[in-house]
Structures are given as structure tokens and as C-alpha cells.
file upload.csv (CSV, C-alpha atoms and all ligand atoms)
chain,number,residue,atom,x,y,z
A,1,MET,CA,15.7,-13.3,-21.2
A,2,LYS,CA,13.2,-12.7,-23.9
A,3,GLU,CA,13.5,-9.5,-25.9
A,4,ILE,CA,10.2,-7.8,-25.2
A,5,ASN,CA,10.3,-5.6,-28.2
A,6,ASN,CA,11.0,-8.4,-30.6
A,7,ILE,CA,7.7,-8.8,-32.5
A,8,GLU,CA,8.7,-12.2,-34.0
A,9,SER,CA,9.3,-13.8,-30.6
A,10,ARG,CA,6.0,-12.3,-29.3
A,11,THR,CA,4.1,-13.6,-32.2
A,12,GLU,CA,5.6,-17.1,-31.8
A,13,ASP,CA,4.7,-17.1,-28.1
A,14,ALA,CA,1.1,-16.1,-28.9
A,15,LYS,CA,0.8,-18.8,-31.5
A,16,GLU,CA,2.2,-21.4,-29.2
A,17,TYR,CA,0.1,-20.7,-26.2
A,18,PHE,CA,-3.1,-18.9,-27.2
A,19,ASP,CA,-6.1,-21.0,-27.2
A,20,ALA,CA,-8.9,-19.5,-29.3
A,21,THR,CA,-11.4,-22.1,-28.0
A,22,GLY,CA,-10.5,-21.3,-24.3
A,23,LEU,CA,-12.1,-19.0,-21.9
A,24,ILE,CA,-12.3,-15.4,-23.2
A,25,PRO,CA,-12.8,-12.6,-20.6
A,26,GLU,CA,-16.2,-11.0,-21.2
A,27,HIS,CA,-15.2,-7.5,-20.0
A,28,VAL,CA,-11.6,-6.3,-20.7
A,29,ALA,CA,-10.6,-2.8,-19.5
A,30,ILE,CA,-7.4,-1.1,-20.6
A,31,ILE,CA,-5.4,1.8,-19.2
A,32,MET,CA,-3.6,2.8,-22.4
A,33,ASP,CA,-0.5,4.3,-20.9
A,34,GLY,CA,2.8,5.4,-22.5
A,35,ASN,CA,1.9,7.5,-25.5
A,36,GLY,CA,4.1,10.4,-24.3
A,37,ARG,CA,7.1,8.1,-23.7
A,38,TRP,CA,6.6,6.5,-27.1
A,39,ALA,CA,6.7,9.9,-28.7
A,40,LYS,CA,9.7,11.0,-26.7
A,41,LYS,CA,11.7,7.9,-27.7
A,42,ARG,CA,11.2,9.0,-31.3
A,43,GLN,CA,11.9,12.7,-30.6
A,44,LEU,CA,8.3,13.5,-31.6
A,45,LYS,CA,5.7,15.7,-29.9
A,46,ARG,CA,3.5,14.1,-27.3
A,47,SER,CA,0.6,14.6,-29.7
A,48,ALA,CA,2.2,12.2,-32.1
A,49,GLY,CA,2.2,9.6,-29.3
A,50,HIS,CA,-1.5,10.2,-28.7
A,51,LYS,CA,-2.2,9.9,-32.5
A,52,ALA,CA,-0.3,6.6,-32.6
A,53,GLY,CA,-2.3,5.6,-29.5
A,54,MET,CA,-5.6,6.3,-31.3
A,55,ASP,CA,-4.5,4.2,-34.2
A,56,GLN,CA,-3.8,1.4,-31.8
A,57,VAL,CA,-7.3,1.7,-30.4
A,58,LYS,CA,-8.6,0.8,-33.8
A,59,THR,CA,-6.4,-2.3,-34.1
A,60,ILE,CA,-7.2,-3.6,-30.6
A,61,ALA,CA,-10.9,-2.8,-30.8
A,62,LYS,CA,-11.2,-4.9,-34.0
A,63,HIS,CA,-9.1,-7.6,-32.6
A,64,ALA,CA,-10.9,-7.9,-29.3
A,65,SER,CA,-14.2,-8.0,-31.1
A,66,LYS,CA,-12.8,-10.8,-33.3
A,67,ARG,CA,-11.7,-12.7,-30.2
A,68,GLY,CA,-15.2,-12.6,-28.7
A,69,VAL,CA,-14.7,-10.1,-26.0
A,70,LYS,CA,-18.2,-8.7,-25.1
A,71,VAL,CA,-17.1,-5.3,-23.5
A,72,LEU,CA,-13.9,-3.4,-24.1
A,73,THR,CA,-13.6,-0.4,-21.8
A,74,LEU,CA,-10.8,2.1,-22.6
A,75,TYR,CA,-9.5,4.8,-20.3
A,76,ALA,CA,-9.3,7.7,-22.8
A,77,PHE,CA,-9.4,10.7,-20.4
A,78,SER,CA,-9.6,10.8,-16.6
A,79,THR,CA,-11.0,13.5,-14.4
A,80,GLU,CA,-7.4,14.2,-13.4
A,81,ASN,CA,-6.2,14.6,-17.1
A,82,TRP,CA,-7.5,18.2,-17.1
A,83,LYS,CA,-4.3,19.1,-15.2
A,84,ARG,CA,-2.2,18.6,-18.4
A,85,PRO,CA,-1.1,21.6,-20.5
A,86,LEU,CA,-4.0,23.1,-22.4
A,87,ASN,CA,-2.6,22.2,-25.8
A,88,GLU,CA,-2.4,18.5,-24.8
A,89,VAL,CA,-5.9,18.6,-23.4
A,90,ASN,CA,-7.1,20.2,-26.6
A,91,TYR,CA,-5.4,17.5,-28.7
A,92,LEU,CA,-6.9,14.7,-26.6
A,93,MET,CA,-10.4,16.3,-26.9
A,94,GLN,CA,-10.0,16.3,-30.7
A,95,LEU,CA,-9.1,12.6,-30.8
A,96,PRO,CA,-12.6,11.2,-30.6
A,97,VAL,CA,-13.6,13.5,-33.6
A,98,ASP,CA,-10.7,12.1,-35.7
A,99,PHE,CA,-11.3,8.6,-34.5
A,100,PHE,CA,-15.0,8.4,-35.4
A,101,SER,CA,-14.6,10.3,-38.7
A,102,SER,CA,-12.2,7.7,-39.9
A,103,PHE,CA,-13.2,4.5,-38.1
A,104,MET,CA,-17.0,4.5,-38.2
A,105,PRO,CA,-17.3,2.3,-41.3
A,106,GLU,CA,-15.2,-0.4,-39.6
A,107,ILE,CA,-17.2,0.0,-36.4
A,108,MET,CA,-20.4,-0.7,-38.4
A,109,GLU,CA,-18.8,-3.5,-40.3
A,110,ALA,CA,-17.7,-5.2,-37.0
A,111,ASP,CA,-21.2,-4.6,-35.5
A,112,ILE,CA,-19.5,-2.7,-32.6
A,113,LYS,CA,-21.7,-0.7,-30.2
A,114,VAL,CA,-20.2,2.5,-28.9
A,115,MET,CA,-20.9,3.5,-25.3
A,116,MET,CA,-19.4,6.0,-22.9
A,117,ILE,CA,-18.9,6.4,-19.2
A,118,GLY,CA,-17.8,9.7,-17.6
A,119,HIS,CA,-19.1,13.2,-17.4
A,120,PRO,CA,-20.0,14.5,-20.9
A,121,SER,CA,-21.3,17.9,-19.7
A,122,ASP,CA,-17.7,19.2,-19.0
A,123,LEU,CA,-16.4,18.1,-22.4
A,124,PRO,CA,-16.0,20.6,-25.3
A,125,LYS,CA,-19.1,20.6,-27.5
A,126,LYS,CA,-17.5,19.0,-30.5
A,127,THR,CA,-16.2,16.1,-28.4
A,128,ARG,CA,-19.6,15.6,-26.7
A,129,LYS,CA,-21.5,15.8,-30.0
A,130,VAL,CA,-19.2,13.3,-31.7
A,131,MET,CA,-19.5,10.8,-28.9
A,132,GLU,CA,-23.3,11.2,-28.8
A,133,LYS,CA,-23.5,10.7,-32.5
A,134,ALA,CA,-21.4,7.5,-32.4
A,135,ILE,CA,-23.5,6.1,-29.6
A,136,GLU,CA,-26.7,6.9,-31.4
A,137,GLU,CA,-25.5,5.5,-34.8
A,138,THR,CA,-24.4,2.2,-33.2
A,139,LYS,CA,-27.2,1.7,-30.7
A,140,ASP,CA,-28.8,-1.1,-32.6
A,141,ASN,CA,-25.5,-3.0,-33.2
A,142,ASN,CA,-25.2,-6.3,-31.4
A,143,GLY,CA,-21.5,-7.0,-31.3
A,144,MET,CA,-18.8,-6.0,-28.8
A,145,VAL,CA,-19.5,-2.9,-26.7
A,146,LEU,CA,-16.6,-0.4,-27.2
A,147,ASN,CA,-17.0,1.6,-24.0
A,148,PHE,CA,-14.9,4.8,-23.8
A,149,ALA,CA,-14.2,6.3,-20.3
A,150,VAL,CA,-13.9,10.0,-21.1
A,151,ASN,CA,-13.7,12.5,-18.2
A,152,TYR,CA,-14.1,9.5,-15.9
A,153,GLY,CA,-13.0,9.1,-12.3
A,154,GLY,CA,-13.8,6.0,-10.2
A,155,ARG,CA,-14.1,7.8,-6.8
A,156,LYS,CA,-16.5,10.3,-8.3
A,157,GLU,CA,-18.6,7.5,-9.8
A,158,ILE,CA,-18.9,5.9,-6.4
A,159,LEU,CA,-19.7,9.1,-4.6
A,160,ASP,CA,-22.4,10.0,-7.2
A,161,ALA,CA,-23.9,6.5,-6.6
A,162,VAL,CA,-23.8,7.0,-2.9
A,163,LYS,CA,-25.6,10.4,-3.3
A,164,GLU,CA,-28.3,9.0,-5.5
A,165,ILE,CA,-29.0,6.2,-3.1
A,166,ALA,CA,-28.9,8.6,-0.1
A,167,ILE,CA,-31.6,10.8,-1.8
A,168,MET,CA,-33.8,7.7,-2.4
A,169,VAL,CA,-33.5,6.8,1.3
A,170,GLU,CA,-34.2,10.4,2.3
A,171,LYS,CA,-37.4,10.4,0.2
A,172,GLY,CA,-38.5,7.0,1.6
A,173,ALA,CA,-38.1,5.3,-1.8
A,174,LEU,CA,-35.6,2.8,-0.5
A,175,LYS,CA,-34.9,1.3,2.9
A,176,ALA,CA,-31.3,1.5,4.1
A,177,ASP,CA,-31.2,-2.2,4.9
A,178,LYS,CA,-32.2,-3.0,1.3
A,179,ILE,CA,-28.9,-1.5,0.0
A,180,ASN,CA,-26.8,-4.4,-1.3
A,181,GLU,CA,-24.2,-4.8,-4.1
A,182,LYS,CA,-26.9,-5.3,-6.8
A,183,VAL,CA,-28.7,-2.1,-5.8
A,184,PHE,CA,-25.5,-0.2,-5.6
A,185,GLU,CA,-24.4,-1.4,-9.1
A,186,GLU,CA,-27.6,-0.1,-10.6
A,187,HIS,CA,-26.3,3.4,-9.7
A,188,LEU,CA,-22.9,3.1,-11.3
A,189,MET,CA,-22.2,4.4,-14.8
A,190,THR,CA,-21.6,0.9,-16.0
A,191,SER,CA,-25.1,-0.3,-15.0
A,192,SER,CA,-26.3,-0.6,-18.6
A,193,LEU,CA,-23.6,-3.2,-19.2
A,194,SER,CA,-25.6,-5.4,-16.8
A,195,GLU,CA,-24.1,-9.0,-16.7
A,196,GLN,CA,-20.8,-7.6,-17.9
A,197,GLN,CA,-20.5,-4.6,-15.7
A,198,ASN,CA,-17.6,-6.0,-13.6
A,199,VAL,CA,-14.2,-6.3,-15.2
A,200,ASP,CA,-12.7,-9.7,-15.9
A,201,LEU,CA,-9.3,-8.7,-17.2
A,202,MET,CA,-7.7,-5.3,-16.6
A,203,ILE,CA,-4.6,-4.4,-18.7
A,204,ARG,CA,-2.3,-1.5,-18.2
A,205,THR,CA,0.6,-0.8,-20.5
A,206,SER,CA,3.9,1.0,-20.1
A,207,GLY,CA,5.1,-0.8,-17.0
A,208,GLU,CA,3.2,1.3,-14.5
A,209,GLU,CA,1.3,-0.9,-12.0
A,210,ARG,CA,-1.5,1.1,-10.5
A,211,LEU,CA,-5.2,1.6,-11.0
A,212,SER,CA,-5.3,5.4,-11.3
A,213,ASN,CA,-8.9,5.8,-10.2
A,214,PHE,CA,-10.2,3.5,-13.0
A,215,LEU,CA,-13.3,1.4,-12.4
A,216,LEU,CA,-12.6,1.0,-8.7
A,217,TRP,CA,-15.7,-1.0,-7.9
A,218,GLN,CA,-15.8,-3.0,-11.1
A,219,ASN,CA,-12.2,-4.1,-10.8
A,220,ALA,CA,-12.8,-5.8,-7.3
A,221,TYR,CA,-12.2,-9.3,-8.7
A,222,SER,CA,-10.6,-8.7,-12.0
A,223,GLU,CA,-7.3,-10.3,-13.1
A,224,PHE,CA,-4.6,-7.7,-13.7
A,225,HIS,CA,-2.1,-7.9,-16.6
A,226,PHE,CA,0.7,-5.3,-16.6
A,227,SER,CA,2.6,-5.0,-19.9
A,228,SER,CA,5.9,-3.2,-20.1
A,229,LEU,CA,5.1,-2.2,-23.7
A,230,LEU,CA,4.1,1.4,-24.4
A,231,TRP,CA,0.4,1.6,-25.6
A,232,PRO,CA,1.2,2.5,-29.3
A,233,ASP,CA,3.4,-0.7,-29.4
A,234,PHE,CA,0.8,-2.9,-27.8
A,235,GLY,CA,-0.5,-5.0,-30.7
A,236,GLU,CA,-2.7,-8.0,-31.5
A,237,VAL,CA,-0.1,-10.5,-30.3
A,238,ASP,CA,0.2,-8.7,-27.0
A,239,PHE,CA,-3.5,-8.7,-26.5
A,240,ASP,CA,-3.5,-12.5,-27.2
A,241,GLU,CA,-0.7,-12.9,-24.7
A,242,ALA,CA,-2.8,-11.1,-22.1
A,243,LEU,CA,-5.7,-13.5,-23.0
A,244,ARG,CA,-3.4,-16.5,-22.7
A,245,ILE,CA,-2.2,-15.5,-19.2
A,246,TYR,CA,-5.8,-14.9,-18.2
A,247,GLN,CA,-6.8,-18.4,-19.5
A,248,LYS,CA,-4.1,-19.9,-17.2
A,249,ARG,CA,-5.3,-18.0,-14.1
A,250,ASN,CA,-7.6,-19.7,-11.6
A,251,ARG,CA,-10.3,-17.2,-10.5
A,252,ARG,CA,-11.7,-18.0,-7.1
A,253,PHE,CA,-13.7,-14.9,-6.3
A,254,GLY,CA,-12.7,-15.3,-2.6
A,255,GLY,CA,-13.6,-19.0,-2.6
A,256,LEU,CA,-11.3,-22.1,-2.7
B,301,LIG,C1,-1.7,8.0,-21.2
B,301,LIG,O1,-0.4,8.1,-21.8
B,301,LIG,C2,-2.7,8.2,-22.3
B,301,LIG,C3,-3.7,9.1,-22.3
B,301,LIG,C4,-3.9,10.1,-21.2
B,301,LIG,C5,-4.6,9.3,-23.4
B,301,LIG,C6,-5.0,8.0,-24.0
B,301,LIG,C7,-5.7,8.2,-25.2
B,301,LIG,C8,-5.6,7.4,-26.3
B,301,LIG,C9,-4.7,6.3,-26.4
B,301,LIG,C10,-6.3,7.7,-27.5
B,301,LIG,C11,-7.8,7.6,-27.3
B,301,LIG,C12,-8.6,7.5,-28.5
B,301,LIG,C13,-9.9,7.9,-28.6
B,301,LIG,C14,-10.6,7.5,-29.7
B,301,LIG,C15,-10.6,8.6,-27.5
B,301,LIG,P1,0.5,9.3,-21.3
B,301,LIG,O2,0.3,10.5,-22.2
B,301,LIG,O3,0.3,9.6,-19.8
B,301,LIG,O4,1.9,8.7,-21.6
B,301,LIG,P2,3.3,8.9,-20.7
B,301,LIG,O5,3.0,8.4,-19.3
B,301,LIG,O6,4.3,8.1,-21.5
B,301,LIG,O7,3.6,10.4,-20.8
call {"tool": "encode", "arguments": {"input": "upload.csv", "output": "C-alpha cells", "more": "lines below"}}
Ligand code: FPP
result
Amino acid sequence: MKEINNIESRTEDAKEYFDATGLIPEHVAIIMDGNGRWAKKRQLKRSAGHKAGMDQVKTIAKHASKRGVKVLTLYAFSTENWKRPLNEVNYLMQLPVDFFSSFMPEIMEADIKVMMIGHPSDLPKKTRKVMEKAIEETKDNNGMVLNFAVNYGGRKEILDAVKEIAIMVEKGALKADKINEKVFEEHLMTSSLSEQQNVDLMIRTSGEERLSNFLLWQNAYSEFHFSSLLWPDFGEVDFDEALRIYQKRNRRFGGL
């Protein structure tokens, strides 16, 4: 049995199997789980886990961009996360401020374009403003899209799309029998990702194996990779391991 926390053995595996010229998933989505447990293991506050998680976002974003991923969507805050204690919610809302104030030069250097899905109007002003600023400053970049899901929920996204379409039908702007997958996708928050709006590889860390209301429509045909590592421990070699496993899968999209 391989020791999962042994970085040397993980690095060797990645070197041995990863094929940089092989197929790279265009859209990778990550549920970055396990910050709290990472902190608890070290007898630290949960906020220290989220801080370490934020630092790992920088590492993985740069690495994914280097690997040629076109869109990296990260689940930073769900519509359900408001249920957490107020001090933790406040800390999580401060993270984008700290993230962009320290990471913007590297984002520009890597030509990364920042985008966001979710409901900005319910965010504290400072969080909303910093996200808007990052989106504006990087709008002309042409590299990987770093797409943050903040105050995002998959069911709400689908319901909102249904409502928009229902209104169009009500007004006579759209015939009900013209509603198809393409029309529906135009009303999702990911519509601006066009070709890449559906997820190719979905990663969740920390050993939990569920979707937690994340990109429900867009994950319909994605490959899933569940890592037992806690998010702050999930490094470049582990990302490569996920790519390697993806490269070995045979995606049939329901065909043979
Ligand atoms: C889940 O772990 C993690 C979150 C709810 C927050 C994820 C946020 C980050 C990794 C940082 C995001 C950075 C930016 C720039 C927005 P958990 O707290 O549920 O962990 P646990 O299950 O071990 O308690």
C-alpha cells in the first residue's frame, strides 16, 4: 500500500506516468475540501486552514495554466456556506481581498483571466469590489480562465435559467418546442465560457465523494477524481496525478 502523504512517492508516480503531450482536460473544476481538518490536525484555527487553502489556490492555478488547462473553476463559497459561524464566513469573505492583493502580478504574468460565477449582490461590498476589479483588470488576458464560484449553488443556477426561459416563452420571444440543451446553456452562469462551459475533469479533495450542489448541469459527462488529500496538501504532483488518470479514461459520452 502506497503512503499517500509521502511526497517523494507521489512525485515519482507523476514523473513515471504523466504525459505532458497527452490529452489535457479543457475545463477542470475543483471542490477544495478539507481546510478545516488540515488546521485541526495541526491544532490551528480553521482560519489557518483556509489561509493555507488560499495559498494552494495560487500554486494550482499557476500549475494548471502551465499544463494548458483552459478553464479552472474553483468552488470558493457555496450558497450553503452562509450557515457557518459568522467569524468563519467573515474570514472566507476576506480571502479574495488577500488573494488578489498578493497574487495579481503573477496572474498578469501568466496571462490568466479572472471570472466569477455566483451571486455577487449578496457578498460584502469589499469582496464584491475586489472580484469586480480583478475581472476588469484581467479582461483582455488570453490565457487560462480562473473562474471562482463564490456564493454559487447549482440548483439555484438551474432554477434561475428555467425562470428566464419561462419569461421569454411567456412574452412570446421563444417557442417552448425550441428549448434545447444549447438554448438552456445560454442561460447558465457559465455561458460566457462557451465551448468550455461543460466540465471535463471534476476533482474533490479530502476523501468526500459528493457533488455538493456544484455545477450540476455542467458536470453531466465529466470524469470524477476523488483525492484523499486535504486541499492545502494537494500540490502540483497531485494535480498531475489527476491529469494522468484522466488521460487513461475512455470518455464515451453515452456512446460506445
Ligand atoms: C471547504 O473546506 C473549503 C471551503 C468552504 C472554502 C474554500 C476556500 C479556499 C480554499 C480559499 C479560496 C480562495 C480564494 C481566493 C477565494 P472545509 O472548511 O469544509 O474543510 P473541513 O471539511 O475539513 O472542515
call {"tool": "closest_residue", "arguments": {"input": "upload.csv", "among": "A:Gln43, A:Thr205, A:Ser121, A:Asn142", "to": "ligand LIG 301 (chain B)", "atoms": "only C-alpha atoms and all ligand atoms"}}
result
A:Thr205
call {"tool": "closest_residue", "arguments": {"input": "upload.csv", "among": "A:Lys171, A:Lys133, A:Arg204, A:His187", "to": "ligand LIG 301 (chain B)", "atoms": "only C-alpha atoms and all ligand atoms"}}
result
A:Arg204
call {"tool": "residues_near_ligand", "arguments": {"input": "upload.csv", "ligand": "ligand LIG 301 (chain B)", "cutoff": "8 Å", "atoms": "only C-alpha atoms and all ligand atoms", "output": "number ranges by chain"}}
result
A: 31-39, 46, 49-57, 74-78, 81, 92-93, 95-100, 148, 150, 206, 230-232
call {"tool": "closest_residue", "arguments": {"input": "upload.csv", "among": "A:Glu185, A:Thr127, A:Lys113, A:Asn198", "to": "Lys139 in chain A", "atoms": "only C-alpha atoms"}}
result
A:Lys113
call {"tool": "closest_residue", "arguments": {"input": "upload.csv", "among": "A:Gly172, A:Gly22, A:Gly118, A:Gly254", "to": "Gly153 in chain A", "atoms": "only C-alpha atoms"}}
result
A:Gly118
call {"tool": "decode", "arguments": {"input": "upload.csv", "residues": "range 67-80 of chain A", "atoms": "all heavy atoms", "output": "mmCIF file, in the first residue's frame"}}
result
data_model
loop_
_atom_site.group_PDB
_atom_site.id
_atom_site.type_symbol
_atom_site.label_atom_id
_atom_site.label_comp_id
_atom_site.auth_asym_id
_atom_site.auth_seq_id
_atom_site.Cartn_x
_atom_site.Cartn_y
_atom_site.Cartn_z
ATOM 1 N N ARG A 67 0.038 23.739 -17.524
ATOM 2 C CA ARG A 67 -0.309 22.455 -18.153
ATOM 3 C C ARG A 67 -1.230 22.621 -19.370
ATOM 4 O O ARG A 67 -1.539 21.659 -20.055
ATOM 5 C CB ARG A 67 -0.976 21.527 -17.137
ATOM 6 C CG ARG A 67 -0.009 20.958 -16.114
ATOM 7 C CD ARG A 67 0.907 19.951 -16.775
ATOM 8 N NE ARG A 67 1.793 19.305 -15.828
ATOM 9 C CZ ARG A 67 3.109 19.243 -15.958
ATOM 10 N NH1 ARG A 67 3.694 19.807 -17.002
ATOM 11 N NH2 ARG A 67 3.835 18.620 -15.071
ATOM 12 N N GLY A 68 -1.747 23.820 -19.555
ATOM 13 C CA GLY A 68 -2.593 24.050 -20.737
ATOM 14 C C GLY A 68 -4.083 23.900 -20.504
ATOM 15 O O GLY A 68 -4.872 23.831 -21.454
ATOM 16 N N VAL A 69 -4.484 23.857 -19.230
ATOM 17 C CA VAL A 69 -5.922 23.833 -18.915
ATOM 18 C C VAL A 69 -6.522 25.161 -19.376
ATOM 19 O O VAL A 69 -5.895 26.213 -19.214
ATOM 20 C CB VAL A 69 -6.116 23.635 -17.381
ATOM 21 C CG1 VAL A 69 -7.541 23.887 -16.951
ATOM 22 C CG2 VAL A 69 -5.650 22.236 -16.975
ATOM 23 N N LYS A 70 -7.701 25.134 -19.977
ATOM 24 C CA LYS A 70 -8.279 26.390 -20.480
ATOM 25 C C LYS A 70 -9.148 27.096 -19.448
ATOM 26 O O LYS A 70 -9.209 28.315 -19.411
ATOM 27 C CB LYS A 70 -9.082 26.117 -21.757
ATOM 28 C CG LYS A 70 -8.167 25.691 -22.898
ATOM 29 C CD LYS A 70 -8.875 25.699 -24.228
ATOM 30 C CE LYS A 70 -7.868 25.439 -25.335
ATOM 31 N NZ LYS A 70 -8.480 24.859 -26.522
ATOM 32 N N VAL A 71 -9.871 26.291 -18.654
ATOM 33 C CA VAL A 71 -10.714 26.889 -17.605
ATOM 34 C C VAL A 71 -10.520 26.110 -16.307
ATOM 35 O O VAL A 71 -10.608 24.875 -16.308
ATOM 36 C CB VAL A 71 -12.217 26.841 -17.986
ATOM 37 C CG1 VAL A 71 -13.070 27.448 -16.873
ATOM 38 C CG2 VAL A 71 -12.488 27.538 -19.309
ATOM 39 N N LEU A 72 -10.259 26.826 -15.228
ATOM 40 C CA LEU A 72 -10.164 26.206 -13.901
ATOM 41 C C LEU A 72 -11.235 26.854 -13.032
ATOM 42 O O LEU A 72 -11.150 28.047 -12.719
ATOM 43 C CB LEU A 72 -8.776 26.443 -13.298
ATOM 44 C CG LEU A 72 -8.541 25.850 -11.903
ATOM 45 C CD1 LEU A 72 -8.547 24.315 -11.936
ATOM 46 C CD2 LEU A 72 -7.199 26.325 -11.325
ATOM 47 N N THR A 73 -12.265 26.072 -12.694
ATOM 48 C CA THR A 73 -13.327 26.626 -11.852
ATOM 49 C C THR A 73 -13.154 26.116 -10.428
ATOM 50 O O THR A 73 -13.056 24.905 -10.204
ATOM 51 C CB THR A 73 -14.725 26.225 -12.387
ATOM 52 O OG1 THR A 73 -14.878 26.716 -13.713
ATOM 53 C CG2 THR A 73 -15.833 26.827 -11.527
ATOM 54 N N LEU A 74 -13.098 27.035 -9.480
ATOM 55 C CA LEU A 74 -12.850 26.669 -8.081
ATOM 56 C C LEU A 74 -14.052 27.035 -7.217
ATOM 57 O O LEU A 74 -14.540 28.173 -7.271
ATOM 58 C CB LEU A 74 -11.606 27.420 -7.572
ATOM 59 C CG LEU A 74 -10.305 27.163 -8.337
ATOM 60 C CD1 LEU A 74 -9.189 28.059 -7.799
ATOM 61 C CD2 LEU A 74 -9.900 25.696 -8.243
ATOM 62 N N TYR A 75 -14.488 26.061 -6.417
ATOM 63 C CA TYR A 75 -15.644 26.280 -5.538
ATOM 64 C C TYR A 75 -15.139 26.959 -4.262
ATOM 65 O O TYR A 75 -14.646 26.301 -3.348
ATOM 66 C CB TYR A 75 -16.255 24.921 -5.204
ATOM 67 C CG TYR A 75 -17.732 24.896 -4.899
ATOM 68 C CD1 TYR A 75 -18.533 26.022 -4.980
ATOM 69 C CD2 TYR A 75 -18.355 23.694 -4.549
ATOM 70 C CE1 TYR A 75 -19.899 25.954 -4.722
ATOM 71 C CE2 TYR A 75 -19.714 23.616 -4.286
ATOM 72 C CZ TYR A 75 -20.476 24.748 -4.373
ATOM 73 O OH TYR A 75 -21.826 24.673 -4.121
ATOM 74 N N ALA A 76 -15.243 28.278 -4.216
ATOM 75 C CA ALA A 76 -14.682 29.033 -3.094
ATOM 76 C C ALA A 76 -15.699 29.253 -1.976
ATOM 77 O O ALA A 76 -15.342 29.312 -0.802
ATOM 78 C CB ALA A 76 -14.152 30.374 -3.570
ATOM 79 N N PHE A 77 -16.983 29.375 -2.346
ATOM 80 C CA PHE A 77 -18.011 29.634 -1.329
ATOM 81 C C PHE A 77 -19.371 29.265 -1.920
ATOM 82 O O PHE A 77 -19.762 29.797 -2.954
ATOM 83 C CB PHE A 77 -17.986 31.121 -0.929
ATOM 84 C CG PHE A 77 -18.757 31.428 0.327
ATOM 85 C CD1 PHE A 77 -18.143 31.352 1.573
ATOM 86 C CD2 PHE A 77 -20.096 31.794 0.268
ATOM 87 C CE1 PHE A 77 -18.853 31.628 2.731
ATOM 88 C CE2 PHE A 77 -20.811 32.075 1.422
ATOM 89 C CZ PHE A 77 -20.184 31.991 2.654
ATOM 90 N N SER A 78 -20.070 28.351 -1.247
ATOM 91 C CA SER A 78 -21.365 27.909 -1.785
ATOM 92 C C SER A 78 -22.500 28.714 -1.155
ATOM 93 O O SER A 78 -22.306 29.350 -0.103
ATOM 94 C CB SER A 78 -21.562 26.414 -1.507
ATOM 95 O OG SER A 78 -21.899 26.230 -0.149
ATOM 96 N N THR A 79 -23.673 28.617 -1.756
ATOM 97 C CA THR A 79 -24.836 29.319 -1.179
ATOM 98 C C THR A 79 -25.177 28.724 0.195
ATOM 99 O O THR A 79 -25.879 29.347 0.983
ATOM 100 C CB THR A 79 -26.059 29.210 -2.117
ATOM 101 O OG1 THR A 79 -26.176 27.859 -2.584
ATOM 102 C CG2 THR A 79 -25.945 30.121 -3.317
ATOM 103 N N GLU A 80 -24.678 27.521 0.475
ATOM 104 C CA GLU A 80 -24.933 26.875 1.785
ATOM 105 C C GLU A 80 -23.898 27.296 2.839
ATOM 106 O O GLU A 80 -24.119 27.113 4.039
ATOM 107 C CB GLU A 80 -24.905 25.339 1.644
ATOM 108 C CG GLU A 80 -26.104 24.741 0.900
ATOM 109 C CD GLU A 80 -26.120 25.043 -0.588
ATOM 110 O OE1 GLU A 80 -25.031 25.031 -1.197
ATOM 111 O OE2 GLU A 80 -27.202 25.317 -1.136
#
